[in-house]
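Raw model19.cif, mmCIF, C-alpha atoms:
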```cif
data_input
loop_
_atom_site.label_atom_id
_atom_site.label_comp_id
_atom_site.auth_asym_id
_atom_site.auth_seq_id
_atom_site.Cartn_x
_atom_site.Cartn_y
_atom_site.Cartn_z
CA MET X 166 29.15 10.78 -3.64
CA SER X 167 26.03 11.67 -5.61
CA ALA X 168 24.70 15.22 -5.70
CA THR X 169 21.53 14.11 -3.96
CA ALA X 170 23.06 11.89 -1.26
CA ASN X 171 22.31 14.34 1.55
CA LEU X 172 18.74 14.87 0.33
CA ARG X 173 18.24 11.11 0.20
CA ARG X 174 19.54 10.76 3.78
CA GLN X 175 17.04 13.42 4.84
CA HIS X 176 14.29 11.44 3.12
CA ASP X 177 15.39 8.33 5.01
CA ALA X 178 15.40 10.21 8.33
CA ALA X 179 11.92 11.64 7.67
CA THR X 180 10.62 8.22 6.66
CA LEU X 181 11.90 6.69 9.91
CA ILE X 182 10.22 9.40 11.99
CA VAL X 183 6.96 8.93 10.09
CA SER X 184 7.20 5.17 10.69
CA ASP X 185 7.66 5.79 14.41
CA ILE X 186 4.62 8.08 14.49
CA VAL X 187 2.45 5.65 12.53
CA ALA X 188 3.51 2.76 14.78
CA MET X 189 2.75 4.80 17.88
CA VAL X 190 -0.70 5.76 16.55
CA ALA X 191 -1.44 2.10 15.80
CA GLN X 192 -0.29 1.09 19.26
CA ILE X 193 -2.40 3.76 20.96
CA GLY X 194 -5.65 2.49 19.49
CA ALA X 195 -8.94 4.15 20.40
CA GLN X 196 -7.79 7.12 22.49
CA PRO X 197 -4.39 8.44 23.55
CA THR X 198 -3.40 9.46 27.03
CA SER X 199 -1.95 12.93 27.49
CA ALA X 200 1.52 11.39 27.80
CA GLN X 201 1.11 9.51 24.52
CA ALA X 202 -0.17 12.62 22.76
CA PHE X 203 2.82 14.56 24.14
CA ARG X 204 5.21 11.95 22.68
CA LEU X 205 3.46 12.38 19.32
CA THR X 206 4.01 16.14 19.44
CA ILE X 207 7.71 15.56 20.13
CA LEU X 208 7.98 13.25 17.10
CA LEU X 209 6.09 15.75 14.94
CA ALA X 210 8.52 18.49 15.99
CA LYS X 211 11.43 16.24 15.09
CA LEU X 212 9.86 15.54 11.69
CA VAL X 213 9.29 19.23 11.01
CA GLY X 214 12.87 20.05 11.95
CA THR X 215 14.16 17.51 9.46
CA LEU X 216 11.80 18.55 6.68
CA ARG X 217 12.22 22.31 7.08
CA ILE X 218 15.90 21.95 6.29
CA HIS X 219 15.15 19.50 3.50
CA PHE X 220 12.47 21.62 1.81
CA ALA X 221 14.67 24.71 2.07
CA GLN X 222 17.57 22.93 0.35
CA GLU X 223 15.31 21.67 -2.40
CA ASP X 224 13.43 24.93 -2.90
CA ARG X 225 16.51 27.18 -2.80
CA HIS X 226 19.01 24.99 -4.62
CA LEU X 227 17.87 21.74 -6.23
CA TYR X 228 14.69 22.80 -8.00
CA PRO X 229 16.01 26.17 -9.28
CA SER X 230 19.22 24.60 -10.60
CA LEU X 231 17.33 21.83 -12.38
CA MET X 232 14.80 24.25 -13.86
CA ALA X 233 17.64 26.46 -15.12
CA SER X 234 19.76 23.55 -16.31
CA GLY X 235 19.18 24.05 -20.02
CA GLN X 236 18.23 20.38 -20.21
CA GLY X 237 14.66 20.53 -21.52
CA GLY X 238 13.42 17.23 -20.13
CA THR X 239 15.06 17.67 -16.75
CA ALA X 240 13.89 21.27 -16.45
CA ALA X 241 10.33 20.28 -17.34
CA VAL X 242 10.25 17.45 -14.79
CA ALA X 243 11.66 19.73 -12.09
CA ARG X 244 9.11 22.44 -12.90
CA ARG X 245 6.25 19.95 -12.86
CA PHE X 246 7.38 18.46 -9.53
CA PHE X 247 7.84 21.92 -8.02
CA GLU X 248 4.33 22.96 -9.06
CA GLU X 249 2.69 19.68 -8.04
CA MET X 250 4.47 19.27 -4.73
CA GLY X 251 5.02 22.83 -3.63
CA HIS X 252 1.91 22.73 -1.44
CA LEU X 253 3.23 19.89 0.73
CA GLY X 254 5.55 21.99 2.90
CA PRO X 255 2.84 24.49 3.88
CA ALA X 256 0.31 21.66 4.36
CA LEU X 257 2.72 19.80 6.65
CA MET X 258 3.43 22.96 8.66
CA ALA X 259 -0.31 23.67 8.99
CA PHE X 260 -0.88 20.07 10.15
CA VAL X 261 1.84 20.32 12.80
CA GLU X 262 0.61 23.74 13.95
CA ARG X 263 -2.94 22.40 14.31
CA TRP X 264 -1.75 19.38 16.32
CA ARG X 265 1.17 20.86 18.27
CA SER X 266 -0.73 20.59 21.54
CA PRO X 267 -1.25 17.21 23.21
CA ASP X 268 -4.65 18.51 24.32
CA ALA X 269 -5.69 19.06 20.69
CA ILE X 270 -4.71 15.50 19.80
CA VAL X 271 -6.59 14.05 22.77
CA ALA X 272 -9.65 16.21 22.05
CA ASP X 273 -9.95 15.12 18.40
CA TRP X 274 -8.10 11.85 18.02
CA THR X 275 -10.09 10.83 14.95
CA GLY X 276 -9.45 14.16 13.24
CA TYR X 277 -5.73 13.93 14.05
CA ARG X 278 -5.46 10.41 12.65
CA ASP X 279 -7.38 11.27 9.47
CA GLU X 280 -5.31 14.36 8.77
CA GLN X 281 -2.08 12.57 9.65
CA ARG X 282 -2.89 9.78 7.20
CA ALA X 283 -3.52 12.28 4.38
CA VAL X 284 -0.39 14.34 5.04
CA PHE X 285 1.86 11.31 5.47
CA THR X 286 0.48 9.70 2.30
CA ALA X 287 1.31 12.86 0.33
CA LEU X 288 4.77 12.99 1.93
CA ALA X 289 5.48 9.34 1.10
CA ASP X 290 4.40 9.96 -2.50
CA ARG X 291 6.71 12.97 -2.78
CA ILE X 292 9.66 11.08 -1.31
CA GLU X 293 9.10 8.12 -3.63
CA ARG X 294 8.79 10.28 -6.74
CA GLU X 295 11.79 12.42 -5.90
CA ASN X 296 13.95 9.39 -5.09
CA THR X 297 13.01 7.49 -8.24
CA ILE X 298 12.47 10.24 -10.83
CA LEU X 299 13.88 13.62 -9.84
CA TYR X 300 17.06 12.74 -7.97
CA PRO X 301 18.39 10.42 -10.68
CA LEU X 302 17.97 13.31 -13.13
CA ALA X 303 19.86 15.63 -10.77
CA ASP X 304 22.63 13.07 -10.31
CA GLU X 305 22.90 12.51 -14.06
CA LEU X 306 23.09 16.24 -14.69
CA THR X 307 25.84 16.61 -12.07
CA ASP X 308 27.75 13.64 -13.47
CA THR X 309 27.50 15.10 -16.98
CA ALA X 310 28.75 18.47 -15.75
CA ARG X 311 31.65 16.81 -13.91
CA GLY X 312 32.56 14.86 -17.03
CA ALA X 313 32.49 17.99 -19.19
CA SER X 314 34.68 19.95 -16.77
CA ALA X 315 37.18 17.09 -16.53
CA ALA X 316 37.58 16.91 -20.31
#
```

Could I get this structure in the form of structure tokens?
Amino acid sequence: MSATANLRRQHDAATLIVSDIVAMVAQIGAQPTSAQAFRLTILLAKLVGTLRIHFAQEDRHLYPSLMASGQGGTAAVARRFFEEMGHLGPALMAFVERWRSPDAIVADWTGYRDEQRAVFTALADRIERENTILYPLADELTDTARGASAA
């Protein structure tokens, strides 16, 4: 199993939740009912639960180990990603805090949708870049370390 398999599964879980939220927003249309807004808050809480664990694992383990790897290119990419994407966790938490009430969503449906679109676009970008650039570097580094210890 790759070193990043669990992180990739968390990405997949978050992506599915985001897809459910986006589909629900599209289905709602012009204005949600209180019940629909409540279901959105439940999905947002589920998303935050998944991503809190994910961000903590990345921030406490993955990024520090890659930055301290001694592999110049890998360390530089990890540092750049950490600096570029470090704002996403706090931005996501602020978004969820702002929209945790169904009443807030109903009261400013346009504002909710606009902010959701921006946050989810940034999240999708981070997931894509980590999956295609950062995680392969982490897996390669782990494979190299395993090979060196087996020799």

Determine the residue set returned by the PyMOL selection byres ((chain X and resi 205) around 10) for the present structure, and present it as a ChimeraX atom specification.
/X:185-187,189-190,197,199-204,206-211,264-267,270

Looking at X:Thr307, X:Gln192, X:Thr286, X:Thr180, which one is nearest to Thr239 (chain X), with distances taken over all atoms listed in the file?
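Going through X:Thr307, X:Gln192, X:Thr286, X:Thr180 one by one, the smallest distance to Thr239 (chain X) is for X:Thr307.
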
Please, what distance in Å, to one decimal, runs between CA of Arg244 (chain X) and CA of Met232 (chain X)?
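Between these atoms lies a distance of 6.0 Å.
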
Atom-to-atom span, CA of Thr215 (chain X) and CA of Gln175 (chain X), Å
6.8 Å

If we draw a sphere of 8 Å around (21.0, 19.3, -11.1), which residues have at least one atom in it when counting all atoms listed in the file? Please report them as a PyMOL selection string.
chain X and resi 168+227-228+230-231+234+302-307

Between X:Ala188, X:Ala259, X:Leu299, X:Leu172, which residue has the minimum interatomic distance to Ala221 (chain X), considering all atoms listed in the file?
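For Ala221 (chain X), the nearest of the candidates is X:Leu172.
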
What is the CA of Ala287 (chain X)-CA of Ala191 (chain X) distance in Å, reported with one decimal?
19.0 Å

Would you list the contacts of Gln196 (chain X) as a list in words, taking every protein, DNA or RNA residue within 8 Å and counting all atoms listed in the file, but skipping same-chain residues closer than 2 positions in sequence?
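Counting all atoms listed in the file, the residues come to Ile193, Gly194, Thr198, Val271 and Trp274 of chain X.
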
When you count only C-alpha atoms, which of these residues is closest to Leu288 (chain X): X:Ala178, X:Leu257, X:Ala240, X:Val213?
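Nearest to Leu288 (chain X): X:Leu257.
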
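Against the coordinates shown, the PyMOL selection byres ((chain X and resi 224) around 12) returns Leu172, Leu216, Arg217, Ile218, His219, Phe220, Ala221, Gln222, Glu223, Arg225, His226, Leu227, Tyr228, Pro229, Ser230, Leu231, Met232, Ala243, Arg244, Phe246, Phe247, Glu248, Met250, Gly251, His252, Leu253 and Gly254 of chain X.
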
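Each of X:Val242, X:Leu181, X:Pro255, X:Glu262 was checked against Pro301 (chain X) using all atoms listed in the file; the smallest atom-to-atom distance is that of X:Val242.
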
Which residues, written as a PDB file with C-alpha atoms, keeping the file's coordinate frame, have at least one atom at most 10 Å from Ala289 (chain X), with all atoms listed in the file counted and residues fewer than 5 positions away on the same chain left out?
```pdb
ATOM      1  CA  HIS X 176      14.290  11.440   3.120  1.00  0.00           C
ATOM      2  CA  ALA X 179      11.920  11.640   7.670  1.00  0.00           C
ATOM      3  CA  THR X 180      10.620   8.220   6.660  1.00  0.00           C
ATOM      4  CA  VAL X 183       6.960   8.930  10.090  1.00  0.00           C
ATOM      5  CA  VAL X 284      -0.390  14.340   5.040  1.00  0.00           C
ATOM      6  CA  ARG X 294       8.790  10.280  -6.740  1.00  0.00           C
ATOM      7  CA  GLU X 295      11.790  12.420  -5.900  1.00  0.00           C
TER       8      GLU X 295
END
```

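For the set X:Ala283, X:Ala195, X:Ala170, X:Ile298, the residue with the smallest atom-to-atom gap to Arg245 (chain X) is X:Ile298, counting only C-alpha atoms.
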
Using all atoms listed in the file, can you tell me which of X:Phe285, X:Ala241, X:Arg263, X:Arg291 comes closest to Ser184 (chain X)?
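Selected residue with least distance to Ser184 (chain X): X:Phe285.
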